[in-house]
file target.cif (mmCIF, N, CA and C atoms)
data_my_file
#
loop_
_atom_site.label_atom_id
_atom_site.label_comp_id
_atom_site.auth_asym_id
_atom_site.auth_seq_id
_atom_site.Cartn_x
_atom_site.Cartn_y
_atom_site.Cartn_z
N MET V 256 2.21 9.92 -8.15
CA MET V 256 3.44 9.61 -7.44
C MET V 256 3.57 8.09 -7.34
N LYS V 257 4.74 7.58 -7.62
CA LYS V 257 4.98 6.14 -7.54
C LYS V 257 5.88 5.84 -6.35
N ILE V 258 5.62 4.69 -5.71
CA ILE V 258 6.41 4.26 -4.57
C ILE V 258 6.89 2.84 -4.83
N GLU V 259 8.19 2.63 -4.68
CA GLU V 259 8.76 1.29 -4.85
C GLU V 259 8.44 0.46 -3.63
N ILE V 260 7.95 -0.78 -3.86
CA ILE V 260 7.61 -1.69 -2.77
C ILE V 260 8.29 -3.03 -3.01
N LYS V 261 8.76 -3.62 -1.94
CA LYS V 261 9.37 -4.95 -1.99
C LYS V 261 8.52 -5.89 -1.16
N TYR V 262 8.18 -7.03 -1.73
CA TYR V 262 7.47 -8.08 -0.99
C TYR V 262 8.51 -9.10 -0.52
N PHE V 263 8.48 -9.41 0.76
CA PHE V 263 9.47 -10.30 1.36
C PHE V 263 9.05 -11.77 1.30
N VAL V 264 7.77 -12.03 1.05
CA VAL V 264 7.28 -13.41 0.99
C VAL V 264 6.38 -13.57 -0.23
N GLU V 265 6.35 -14.77 -0.75
CA GLU V 265 5.44 -15.08 -1.86
C GLU V 265 4.05 -15.36 -1.32
N GLY V 266 3.05 -15.09 -2.14
CA GLY V 266 1.68 -15.42 -1.78
C GLY V 266 0.99 -14.37 -0.91
N LEU V 267 1.65 -13.25 -0.66
CA LEU V 267 1.03 -12.18 0.11
C LEU V 267 0.17 -11.33 -0.83
N GLU V 268 -1.04 -11.04 -0.38
CA GLU V 268 -1.93 -10.21 -1.20
C GLU V 268 -1.28 -8.85 -1.43
N PRO V 269 -1.29 -8.36 -2.67
CA PRO V 269 -0.67 -7.05 -2.93
C PRO V 269 -1.44 -5.92 -2.26
N LEU V 270 -0.73 -4.84 -1.96
CA LEU V 270 -1.36 -3.67 -1.36
C LEU V 270 -2.39 -3.09 -2.31
N ALA V 271 -3.50 -2.64 -1.73
CA ALA V 271 -4.56 -2.03 -2.54
C ALA V 271 -5.46 -1.20 -1.64
N TYR V 272 -6.01 -0.14 -2.20
CA TYR V 272 -7.02 0.63 -1.49
C TYR V 272 -8.31 -0.18 -1.42
N VAL V 273 -9.09 0.02 -0.37
CA VAL V 273 -10.42 -0.56 -0.30
C VAL V 273 -11.33 0.40 -1.06
N ASP V 274 -11.74 0.01 -2.26
CA ASP V 274 -12.45 0.91 -3.17
C ASP V 274 -13.60 1.64 -2.51
N GLY V 275 -13.54 2.96 -2.56
CA GLY V 275 -14.62 3.81 -2.10
C GLY V 275 -14.86 3.85 -0.61
N LYS V 276 -14.07 3.14 0.19
CA LYS V 276 -14.34 3.06 1.62
C LYS V 276 -13.35 3.86 2.46
N SER V 277 -12.10 3.97 2.03
CA SER V 277 -11.10 4.63 2.85
C SER V 277 -9.86 4.93 2.03
N ASP V 278 -9.10 5.92 2.47
CA ASP V 278 -7.81 6.15 1.82
C ASP V 278 -6.66 5.54 2.62
N TRP V 279 -7.01 4.76 3.65
CA TRP V 279 -6.02 3.96 4.36
C TRP V 279 -5.84 2.65 3.60
N ILE V 280 -4.67 2.04 3.70
CA ILE V 280 -4.37 0.80 2.98
C ILE V 280 -4.11 -0.29 4.01
N ASP V 281 -4.81 -1.42 3.86
CA ASP V 281 -4.65 -2.54 4.80
C ASP V 281 -3.30 -3.23 4.62
N LEU V 282 -2.75 -3.68 5.75
CA LEU V 282 -1.54 -4.49 5.77
C LEU V 282 -1.90 -5.85 6.34
N ARG V 283 -1.23 -6.88 5.86
CA ARG V 283 -1.56 -8.26 6.20
C ARG V 283 -0.39 -8.96 6.89
N ALA V 284 -0.72 -9.91 7.72
CA ALA V 284 0.31 -10.76 8.32
C ALA V 284 1.00 -11.54 7.20
N ALA V 285 2.32 -11.60 7.27
CA ALA V 285 3.09 -12.29 6.24
C ALA V 285 3.39 -13.74 6.61
N ALA V 286 2.87 -14.19 7.76
CA ALA V 286 3.10 -15.56 8.22
C ALA V 286 2.00 -15.93 9.21
N ASP V 287 1.82 -17.22 9.43
CA ASP V 287 0.94 -17.68 10.50
C ASP V 287 1.63 -17.37 11.82
N VAL V 288 0.88 -16.81 12.77
CA VAL V 288 1.45 -16.43 14.06
C VAL V 288 0.50 -16.89 15.17
N SER V 289 1.04 -17.56 16.16
CA SER V 289 0.29 -17.93 17.36
C SER V 289 0.82 -17.11 18.52
N LEU V 290 -0.10 -16.56 19.29
CA LEU V 290 0.28 -15.82 20.50
C LEU V 290 -0.55 -16.31 21.66
N LYS V 291 0.11 -16.45 22.79
CA LYS V 291 -0.57 -16.75 24.05
C LYS V 291 -0.90 -15.45 24.76
N LYS V 292 -1.89 -15.49 25.64
CA LYS V 292 -2.26 -14.31 26.41
C LYS V 292 -1.02 -13.72 27.08
N ASP V 293 -0.88 -12.41 27.00
CA ASP V 293 0.23 -11.64 27.58
C ASP V 293 1.56 -11.82 26.85
N GLU V 294 1.54 -12.39 25.66
CA GLU V 294 2.77 -12.57 24.88
C GLU V 294 2.91 -11.41 23.88
N PHE V 295 4.16 -11.03 23.63
CA PHE V 295 4.49 -10.00 22.64
C PHE V 295 5.22 -10.64 21.47
N LYS V 296 4.88 -10.22 20.25
CA LYS V 296 5.62 -10.64 19.06
C LYS V 296 5.61 -9.52 18.03
N LEU V 297 6.68 -9.46 17.26
CA LEU V 297 6.69 -8.60 16.08
C LEU V 297 6.14 -9.44 14.93
N ILE V 298 4.98 -9.07 14.44
CA ILE V 298 4.35 -9.81 13.34
C ILE V 298 4.86 -9.25 12.02
N PRO V 299 5.51 -10.07 11.19
CA PRO V 299 6.01 -9.56 9.92
C PRO V 299 4.86 -9.20 8.99
N LEU V 300 5.01 -8.05 8.31
CA LEU V 300 3.98 -7.60 7.36
C LEU V 300 4.38 -7.89 5.92
N GLY V 301 5.59 -8.39 5.73
CA GLY V 301 5.99 -8.89 4.41
C GLY V 301 6.27 -7.84 3.36
N ILE V 302 6.35 -6.58 3.76
CA ILE V 302 6.65 -5.53 2.79
C ILE V 302 7.71 -4.59 3.32
N GLY V 303 8.33 -3.89 2.40
CA GLY V 303 9.18 -2.75 2.66
C GLY V 303 8.96 -1.80 1.52
N MET V 304 9.20 -0.54 1.74
CA MET V 304 9.02 0.39 0.63
C MET V 304 9.95 1.58 0.75
N LYS V 305 10.15 2.22 -0.39
CA LYS V 305 10.97 3.41 -0.47
C LYS V 305 10.03 4.61 -0.58
N LEU V 306 9.77 5.23 0.58
CA LEU V 306 8.89 6.38 0.60
C LEU V 306 9.60 7.59 0.01
N PRO V 307 8.84 8.49 -0.60
CA PRO V 307 9.47 9.71 -1.14
C PRO V 307 10.06 10.57 -0.03
N GLU V 308 11.09 11.32 -0.36
CA GLU V 308 11.70 12.26 0.59
C GLU V 308 10.62 13.19 1.14
N GLY V 309 10.61 13.35 2.48
CA GLY V 309 9.65 14.24 3.09
C GLY V 309 8.33 13.59 3.47
N TYR V 310 8.25 12.24 3.37
CA TYR V 310 7.01 11.52 3.69
C TYR V 310 7.30 10.43 4.73
N GLU V 311 6.24 10.02 5.42
CA GLU V 311 6.32 8.95 6.40
C GLU V 311 5.02 8.16 6.36
N ALA V 312 5.07 6.92 6.81
CA ALA V 312 3.87 6.08 6.89
C ALA V 312 3.44 6.00 8.34
N HIS V 313 2.14 6.15 8.58
CA HIS V 313 1.56 5.98 9.91
C HIS V 313 0.83 4.65 9.91
N VAL V 314 1.26 3.73 10.78
CA VAL V 314 0.70 2.38 10.84
C VAL V 314 -0.08 2.23 12.14
N VAL V 315 -1.36 1.84 12.01
CA VAL V 315 -2.24 1.67 13.17
C VAL V 315 -3.07 0.40 12.99
N PRO V 316 -3.65 -0.13 14.08
CA PRO V 316 -4.53 -1.30 13.94
C PRO V 316 -5.77 -0.95 13.12
N ARG V 317 -6.36 -1.94 12.49
CA ARG V 317 -7.68 -1.78 11.88
C ARG V 317 -8.71 -1.72 13.00
N SER V 318 -9.88 -1.21 12.72
CA SER V 318 -10.89 -1.09 13.77
C SER V 318 -11.33 -2.46 14.30
N SER V 319 -11.17 -3.50 13.50
CA SER V 319 -11.59 -4.85 13.91
C SER V 319 -10.45 -5.70 14.46
N THR V 320 -9.25 -5.18 14.52
CA THR V 320 -8.09 -5.99 14.93
C THR V 320 -8.26 -6.57 16.33
N PHE V 321 -8.65 -5.74 17.29
CA PHE V 321 -8.79 -6.26 18.65
C PHE V 321 -9.94 -7.26 18.73
N LYS V 322 -11.07 -6.95 18.12
CA LYS V 322 -12.23 -7.84 18.15
C LYS V 322 -11.90 -9.19 17.52
N ASN V 323 -11.24 -9.17 16.38
CA ASN V 323 -10.97 -10.41 15.64
C ASN V 323 -9.80 -11.22 16.19
N PHE V 324 -8.78 -10.54 16.72
CA PHE V 324 -7.55 -11.25 17.09
C PHE V 324 -7.14 -11.07 18.54
N GLY V 325 -7.74 -10.13 19.26
CA GLY V 325 -7.38 -9.92 20.66
C GLY V 325 -5.99 -9.36 20.86
N ILE V 326 -5.48 -8.64 19.87
CA ILE V 326 -4.15 -8.04 19.99
C ILE V 326 -4.27 -6.52 19.96
N ILE V 327 -3.30 -5.87 20.60
CA ILE V 327 -3.17 -4.42 20.52
C ILE V 327 -1.77 -4.09 20.02
N GLN V 328 -1.63 -2.96 19.40
CA GLN V 328 -0.32 -2.50 18.92
C GLN V 328 0.39 -1.82 20.08
N THR V 329 1.59 -2.29 20.40
CA THR V 329 2.25 -1.82 21.62
C THR V 329 2.68 -0.36 21.57
N ASN V 330 2.96 0.16 20.40
CA ASN V 330 3.33 1.58 20.33
C ASN V 330 2.16 2.44 19.86
N HIS V 331 1.02 1.85 19.68
CA HIS V 331 -0.26 2.50 19.34
C HIS V 331 -0.29 3.18 17.99
N CYS V 332 0.81 3.70 17.52
CA CYS V 332 0.93 4.24 16.16
C CYS V 332 2.38 4.10 15.76
N GLY V 333 2.62 3.34 14.72
CA GLY V 333 3.99 3.19 14.23
C GLY V 333 4.27 4.23 13.17
N ILE V 334 5.42 4.87 13.27
CA ILE V 334 5.83 5.85 12.27
C ILE V 334 7.05 5.29 11.54
N ILE V 335 6.92 5.14 10.24
CA ILE V 335 8.02 4.65 9.41
C ILE V 335 8.40 5.78 8.47
N ASP V 336 9.63 6.28 8.63
CA ASP V 336 10.03 7.41 7.78
C ASP V 336 10.78 6.91 6.55
N GLU V 337 11.13 7.86 5.70
CA GLU V 337 11.72 7.50 4.41
C GLU V 337 13.13 6.93 4.53
N SER V 338 13.76 7.00 5.72
CA SER V 338 15.09 6.42 5.87
C SER V 338 15.04 4.91 6.08
N TYR V 339 13.87 4.36 6.41
CA TYR V 339 13.72 2.91 6.63
C TYR V 339 13.37 2.27 5.28
N CYS V 340 14.39 2.13 4.43
CA CYS V 340 14.11 1.70 3.05
C CYS V 340 15.17 0.75 2.50
N GLY V 341 15.93 0.12 3.37
CA GLY V 341 16.94 -0.83 2.90
C GLY V 341 16.33 -2.14 2.45
N ASP V 342 17.12 -2.95 1.80
CA ASP V 342 16.63 -4.23 1.27
C ASP V 342 16.15 -5.19 2.34
N ASN V 343 16.56 -4.99 3.60
CA ASN V 343 16.11 -5.86 4.69
C ASN V 343 15.19 -5.14 5.67
N ASP V 344 14.74 -3.94 5.34
CA ASP V 344 13.88 -3.14 6.22
C ASP V 344 12.41 -3.50 6.03
N GLN V 345 12.06 -4.70 6.50
CA GLN V 345 10.68 -5.16 6.44
C GLN V 345 9.85 -4.45 7.52
N TRP V 346 8.60 -4.19 7.21
CA TRP V 346 7.68 -3.60 8.18
C TRP V 346 7.14 -4.70 9.10
N PHE V 347 6.92 -4.35 10.37
CA PHE V 347 6.38 -5.27 11.37
C PHE V 347 5.26 -4.59 12.15
N PHE V 348 4.41 -5.41 12.74
CA PHE V 348 3.36 -4.94 13.64
C PHE V 348 3.71 -5.45 15.04
N PRO V 349 4.05 -4.55 15.99
CA PRO V 349 4.39 -4.99 17.34
C PRO V 349 3.11 -5.30 18.12
N ALA V 350 2.83 -6.58 18.34
CA ALA V 350 1.54 -7.01 18.90
C ALA V 350 1.69 -7.55 20.31
N TYR V 351 0.74 -7.18 21.15
CA TYR V 351 0.61 -7.72 22.50
C TYR V 351 -0.74 -8.43 22.57
N ALA V 352 -0.73 -9.70 22.96
CA ALA V 352 -1.95 -10.51 22.97
C ALA V 352 -2.68 -10.37 24.30
N MET V 353 -3.95 -10.00 24.22
CA MET V 353 -4.81 -9.91 25.40
C MET V 353 -5.50 -11.23 25.69
N ARG V 354 -5.42 -12.17 24.73
CA ARG V 354 -5.97 -13.52 24.87
C ARG V 354 -5.17 -14.42 23.94
N ASP V 355 -5.29 -15.73 24.09
CA ASP V 355 -4.67 -16.65 23.13
C ASP V 355 -5.29 -16.39 21.76
N THR V 356 -4.46 -16.38 20.72
CA THR V 356 -4.98 -16.06 19.40
C THR V 356 -4.15 -16.71 18.30
N GLU V 357 -4.77 -16.85 17.16
CA GLU V 357 -4.12 -17.36 15.96
C GLU V 357 -4.34 -16.35 14.84
N ILE V 358 -3.26 -15.96 14.19
CA ILE V 358 -3.32 -15.06 13.04
C ILE V 358 -2.76 -15.82 11.86
N LYS V 359 -3.48 -15.82 10.78
CA LYS V 359 -3.07 -16.56 9.59
C LYS V 359 -2.44 -15.62 8.57
N LYS V 360 -1.56 -16.16 7.75
CA LYS V 360 -0.96 -15.39 6.66
C LYS V 360 -2.08 -14.77 5.83
N ASN V 361 -1.93 -13.51 5.51
CA ASN V 361 -2.86 -12.70 4.73
C ASN V 361 -4.04 -12.16 5.53
N ASP V 362 -4.12 -12.45 6.85
CA ASP V 362 -5.12 -11.77 7.67
C ASP V 362 -4.77 -10.29 7.73
N ARG V 363 -5.78 -9.45 7.56
CA ARG V 363 -5.58 -8.00 7.63
C ARG V 363 -5.56 -7.59 9.10
N ILE V 364 -4.39 -7.12 9.56
CA ILE V 364 -4.26 -6.81 10.99
C ILE V 364 -4.01 -5.33 11.27
N CYS V 365 -3.58 -4.58 10.27
CA CYS V 365 -3.33 -3.16 10.49
C CYS V 365 -3.49 -2.41 9.18
N GLN V 366 -3.31 -1.11 9.25
CA GLN V 366 -3.49 -0.26 8.08
C GLN V 366 -2.49 0.89 8.15
N PHE V 367 -2.28 1.53 7.00
CA PHE V 367 -1.36 2.66 7.00
C PHE V 367 -1.83 3.71 6.00
N ARG V 368 -1.28 4.90 6.19
CA ARG V 368 -1.43 5.96 5.21
C ARG V 368 -0.11 6.69 5.15
N ILE V 369 0.15 7.32 4.03
CA ILE V 369 1.40 8.06 3.82
C ILE V 369 1.09 9.54 3.99
N MET V 370 1.92 10.18 4.82
CA MET V 370 1.71 11.57 5.17
C MET V 370 2.99 12.38 4.92
N GLU V 371 2.82 13.65 4.60
CA GLU V 371 3.97 14.53 4.53
C GLU V 371 4.47 14.80 5.94
N HIS V 372 5.77 15.02 6.06
CA HIS V 372 6.33 15.40 7.35
C HIS V 372 5.69 16.71 7.81
N GLN V 373 5.58 16.85 9.11
CA GLN V 373 5.09 18.10 9.69
C GLN V 373 6.05 19.23 9.34
N PRO V 374 5.53 20.38 8.98
CA PRO V 374 6.44 21.51 8.72
C PRO V 374 7.10 21.98 10.02
N ALA V 375 8.19 22.69 9.89
CA ALA V 375 8.89 23.22 11.06
C ALA V 375 8.12 24.44 11.59
N PHE V 376 8.01 24.52 12.91
CA PHE V 376 7.34 25.65 13.56
C PHE V 376 8.32 26.30 14.53
N ASP V 377 8.10 27.58 14.78
CA ASP V 377 8.79 28.28 15.85
C ASP V 377 7.79 28.42 16.98
N PHE V 378 8.16 28.01 18.19
CA PHE V 378 7.27 28.12 19.34
C PHE V 378 7.58 29.40 20.09
N VAL V 379 6.53 30.16 20.38
CA VAL V 379 6.66 31.44 21.04
C VAL V 379 5.97 31.36 22.39
N THR V 380 6.69 31.64 23.47
CA THR V 380 6.12 31.61 24.82
C THR V 380 5.30 32.87 25.05
N VAL V 381 4.04 32.69 25.54
CA VAL V 381 3.14 33.81 25.83
C VAL V 381 2.56 33.62 27.22
N GLU V 382 2.03 34.67 27.82
CA GLU V 382 1.36 34.59 29.12
C GLU V 382 -0.09 34.16 28.97
N LYS V 383 -0.74 34.54 27.86
CA LYS V 383 -2.14 34.21 27.61
C LYS V 383 -2.30 33.81 26.15
N LEU V 384 -3.22 32.87 25.92
CA LEU V 384 -3.50 32.45 24.55
C LEU V 384 -4.59 33.31 23.91
N GLY V 385 -5.38 34.02 24.73
CA GLY V 385 -6.35 34.96 24.20
C GLY V 385 -7.59 34.35 23.58
N GLU V 386 -7.93 33.13 23.98
CA GLU V 386 -9.13 32.46 23.45
C GLU V 386 -10.02 32.03 24.61
N VAL V 387 -11.26 31.68 24.33
CA VAL V 387 -12.22 31.22 25.33
C VAL V 387 -11.90 29.77 25.69
N ASP V 388 -11.91 29.45 27.00
CA ASP V 388 -11.69 28.08 27.44
C ASP V 388 -12.80 27.16 26.94
N ARG V 389 -12.43 25.97 26.56
CA ARG V 389 -13.42 24.98 26.11
C ARG V 389 -14.04 24.23 27.28
N GLY V 390 -13.36 24.18 28.40
CA GLY V 390 -13.95 23.53 29.57
C GLY V 390 -13.10 22.42 30.15
N GLY V 391 -11.92 22.18 29.65
CA GLY V 391 -11.04 21.17 30.22
C GLY V 391 -11.13 19.83 29.53
N HIS V 392 -10.34 18.90 30.00
CA HIS V 392 -10.24 17.55 29.42
C HIS V 392 -11.58 16.83 29.52
N GLY V 393 -12.07 16.29 28.42
CA GLY V 393 -13.33 15.55 28.41
C GLY V 393 -14.56 16.46 28.47
N SER V 394 -14.42 17.71 28.12
CA SER V 394 -15.48 18.69 28.30
C SER V 394 -16.62 18.59 27.29
N THR V 395 -16.46 17.80 26.22
CA THR V 395 -17.53 17.71 25.23
C THR V 395 -18.58 16.67 25.59
N GLY V 396 -18.39 15.93 26.68
CA GLY V 396 -19.41 15.00 27.16
C GLY V 396 -19.29 13.60 26.58
N LYS V 397 -20.25 12.77 26.97
CA LYS V 397 -20.27 11.36 26.53
C LYS V 397 -21.02 11.15 25.23
N ASN V 398 -22.08 11.90 25.03
CA ASN V 398 -22.93 11.68 23.86
C ASN V 398 -22.68 12.77 22.88
#
call {"tool": "encode", "arguments": {"input": "target.cif", "output": "structure tokens"}}
result
Amino acid sequence: MKIEIKYFVEGLEPLAYVDGKSDWIDLRAAADVSLKKDEFKLIPLGIGMKLPEGYEAHVVPRSSTFKNFGIIQTNHCGIIDESYCGDNDQWFFPAYAMRDTEIKKNDRICQFRIMEHQPAFDFVTVEKLGEVDRGGHGSTGKN
């Protein structure tokens, strides 16, 4: 399957899988960005793409994003569906700074994967689910 991608800035590293490590694809900052503690910014990712009909991209921070940059993603998981595909529909990372930080162009700050849309379900109301209780929220313990 091929996906059309548009790069909005020159000099941005092209998208690529991390060989043998993950099927998630890293996204990079498309500009140098400075944030002060408690500041919010939309960090441009420098790409847009035309996803196939019936697919969406799930965008989340990398595991090292908070450690390296002190930022969190404000919506915790960004969903970009196939309708966001116009010539000006650049992807962004909504960042909230927990400390003063500097992000440089091409720093890897988030990652994405492409998923099929969830199939349609019919929900049926019942009095009992008929299964054994697992024990409630947090029931599997700490270790």
call {"tool": "residues_around", "arguments": {"input": "target.cif", "residues": "Arg363 (chain V)", "least_positions_apart": "3", "cutoff": "7 Å", "atoms": "all atoms listed in the file", "output": "CSV table (one decimal) with N, CA and C atoms, keeping the file's coordinate frame"}}
result
chain,number,residue,atom,x,y,z
V,281,ASP,N,-4.8,-1.4,3.9
V,281,ASP,CA,-4.6,-2.5,4.8
V,281,ASP,C,-3.3,-3.2,4.6
V,282,LEU,N,-2.8,-3.7,5.8
V,282,LEU,CA,-1.5,-4.5,5.8
V,282,LEU,C,-1.9,-5.8,6.3
V,283,ARG,N,-1.2,-6.9,5.9
V,283,ARG,CA,-1.6,-8.3,6.2
V,283,ARG,C,-0.4,-9.0,6.9
V,284,ALA,N,-0.7,-9.9,7.7
V,284,ALA,CA,0.3,-10.8,8.3
V,284,ALA,C,1.0,-11.5,7.2
V,317,ARG,N,-6.4,-1.9,12.5
V,317,ARG,CA,-7.7,-1.8,11.9
V,317,ARG,C,-8.7,-1.7,13.0
V,320,THR,N,-9.2,-5.2,14.5
V,320,THR,CA,-8.1,-6.0,14.9
V,320,THR,C,-8.3,-6.6,16.3
V,360,LYS,N,-1.6,-16.2,7.8
V,360,LYS,CA,-1.0,-15.4,6.7
V,360,LYS,C,-2.1,-14.8,5.8
V,366,GLN,N,-3.3,-1.1,9.2
V,366,GLN,CA,-3.5,-0.3,8.1
V,366,GLN,C,-2.5,0.9,8.2
call {"tool": "closest_residue", "arguments": {"input": "target.cif", "among": "V:Ala375, V:Ala286, V:Leu300, V:Ile364", "to": "Lys322 (chain V)", "atoms": "only C-alpha atoms"}}
result
V:Ile364
call {"tool": "closest_residue", "arguments": {"input": "target.cif", "among": "V:Ile280, V:Ile258, V:Val264, V:Ala271", "to": "Pro307 (chain V)", "atoms": "all atoms listed in the file"}}
result
V:Ile258
call {"tool": "residues_around", "arguments": {"input": "target.cif", "residues": "region 290-298 of chain V", "least_positions_apart": "3", "cutoff": "6 Å", "atoms": "all atoms listed in the file", "output": "list in words"}}
result
Ala285, Trp346, Phe347, Phe348, Pro349, Ala350, Tyr351, Ala352, Met353, Arg354, Asp355, Thr356 and Glu357 of chain V
call {"tool": "select_by_dssp", "arguments": {"input": "target.cif", "residues": "region 265-385 of chain V", "states": "alpha helix (DSSP H)", "output": "PyMOL selection string"}}
result
chain V and resi 320-324
call {"tool": "write_last_selection", "arguments": {"input": "target.cif", "atoms": "N, CA and C atoms", "output": "JSON list (two decimals), keeping the file's coordinate frame"}}
result
[["chain", "number", "residue", "atom", "x", "y", "z"],
["V", 320, "THR", "N", -9.25, -5.18, 14.52],
["V", 320, "THR", "CA", -8.09, -5.99, 14.93],
["V", 320, "THR", "C", -8.26, -6.57, 16.33],
["V", 321, "PHE", "N", -8.65, -5.74, 17.29],
["V", 321, "PHE", "CA", -8.79, -6.26, 18.65],
["V", 321, "PHE", "C", -9.94, -7.26, 18.73],
["V", 322, "LYS", "N", -11.07, -6.95, 18.12],
["V", 322, "LYS", "CA", -12.23, -7.84, 18.15],
["V", 322, "LYS", "C", -11.90, -9.19, 17.52],
["V", 323, "ASN", "N", -11.24, -9.17, 16.38],
["V", 323, "ASN", "CA", -10.97, -10.41, 15.64],
["V", 323, "ASN", "C", -9.80, -11.22, 16.19],
["V", 324, "PHE", "N", -8.78, -10.54, 16.72],
["V", 324, "PHE", "CA", -7.55, -11.25, 17.09],
["V", 324, "PHE", "C", -7.14, -11.07, 18.54]]
call {"tool": "closest_residue", "arguments": {"input": "target.cif", "among": "V:Ser319, V:Asn398, V:Asn361, V:Thr380", "to": "Asp287 (chain V)", "atoms": "only N, CA and C atoms"}}
result
V:Asn361
call {"tool": "build_atoms", "arguments": {"input": "target.cif", "residues": "region 306-312 of chain V", "atoms": "all heavy atoms", "output": "short mmCIF file (atom, residue, chain, number, x, y, z; two decimals), keeping the file's coordinate frame"}}
result
data_model
loop_
_atom_site.label_atom_id
_atom_site.label_comp_id
_atom_site.auth_asym_id
_atom_site.auth_seq_id
_atom_site.Cartn_x
_atom_site.Cartn_y
_atom_site.Cartn_z
N LEU V 306 9.77 5.23 0.58
CA LEU V 306 8.89 6.38 0.60
C LEU V 306 9.60 7.59 0.01
O LEU V 306 10.82 7.73 0.13
CB LEU V 306 8.46 6.69 2.04
CG LEU V 306 7.62 5.61 2.72
CD1 LEU V 306 7.46 5.91 4.20
CD2 LEU V 306 6.27 5.49 2.05
N PRO V 307 8.84 8.49 -0.60
CA PRO V 307 9.47 9.71 -1.14
C PRO V 307 10.06 10.57 -0.03
O PRO V 307 9.59 10.54 1.11
CB PRO V 307 8.30 10.45 -1.80
CG PRO V 307 7.21 9.45 -1.95
CD PRO V 307 7.41 8.43 -0.88
N GLU V 308 11.09 11.32 -0.36
CA GLU V 308 11.70 12.26 0.59
C GLU V 308 10.62 13.19 1.14
O GLU V 308 9.78 13.70 0.40
CB GLU V 308 12.79 13.07 -0.11
CG GLU V 308 13.59 13.96 0.81
CD GLU V 308 14.52 13.20 1.72
OE1 GLU V 308 15.00 12.11 1.33
OE2 GLU V 308 14.76 13.69 2.84
N GLY V 309 10.61 13.35 2.48
CA GLY V 309 9.65 14.24 3.09
C GLY V 309 8.33 13.59 3.47
O GLY V 309 7.39 14.27 3.87
N TYR V 310 8.25 12.24 3.37
CA TYR V 310 7.01 11.52 3.69
C TYR V 310 7.30 10.43 4.73
O TYR V 310 8.42 9.96 4.87
CB TYR V 310 6.41 10.89 2.44
CG TYR V 310 5.76 11.89 1.52
CD1 TYR V 310 6.51 12.63 0.62
CD2 TYR V 310 4.38 12.12 1.58
CE1 TYR V 310 5.92 13.56 -0.22
CE2 TYR V 310 3.79 13.05 0.75
CZ TYR V 310 4.56 13.76 -0.14
OH TYR V 310 3.97 14.69 -0.96
N GLU V 311 6.24 10.02 5.42
CA GLU V 311 6.32 8.95 6.40
C GLU V 311 5.02 8.16 6.36
O GLU V 311 3.98 8.68 5.93
CB GLU V 311 6.56 9.51 7.80
CG GLU V 311 5.45 10.43 8.28
CD GLU V 311 5.83 11.29 9.47
OE1 GLU V 311 7.05 11.46 9.71
OE2 GLU V 311 4.92 11.80 10.13
N ALA V 312 5.07 6.92 6.81
CA ALA V 312 3.87 6.08 6.89
C ALA V 312 3.44 6.00 8.34
O ALA V 312 4.27 5.81 9.23
CB ALA V 312 4.17 4.68 6.35
#
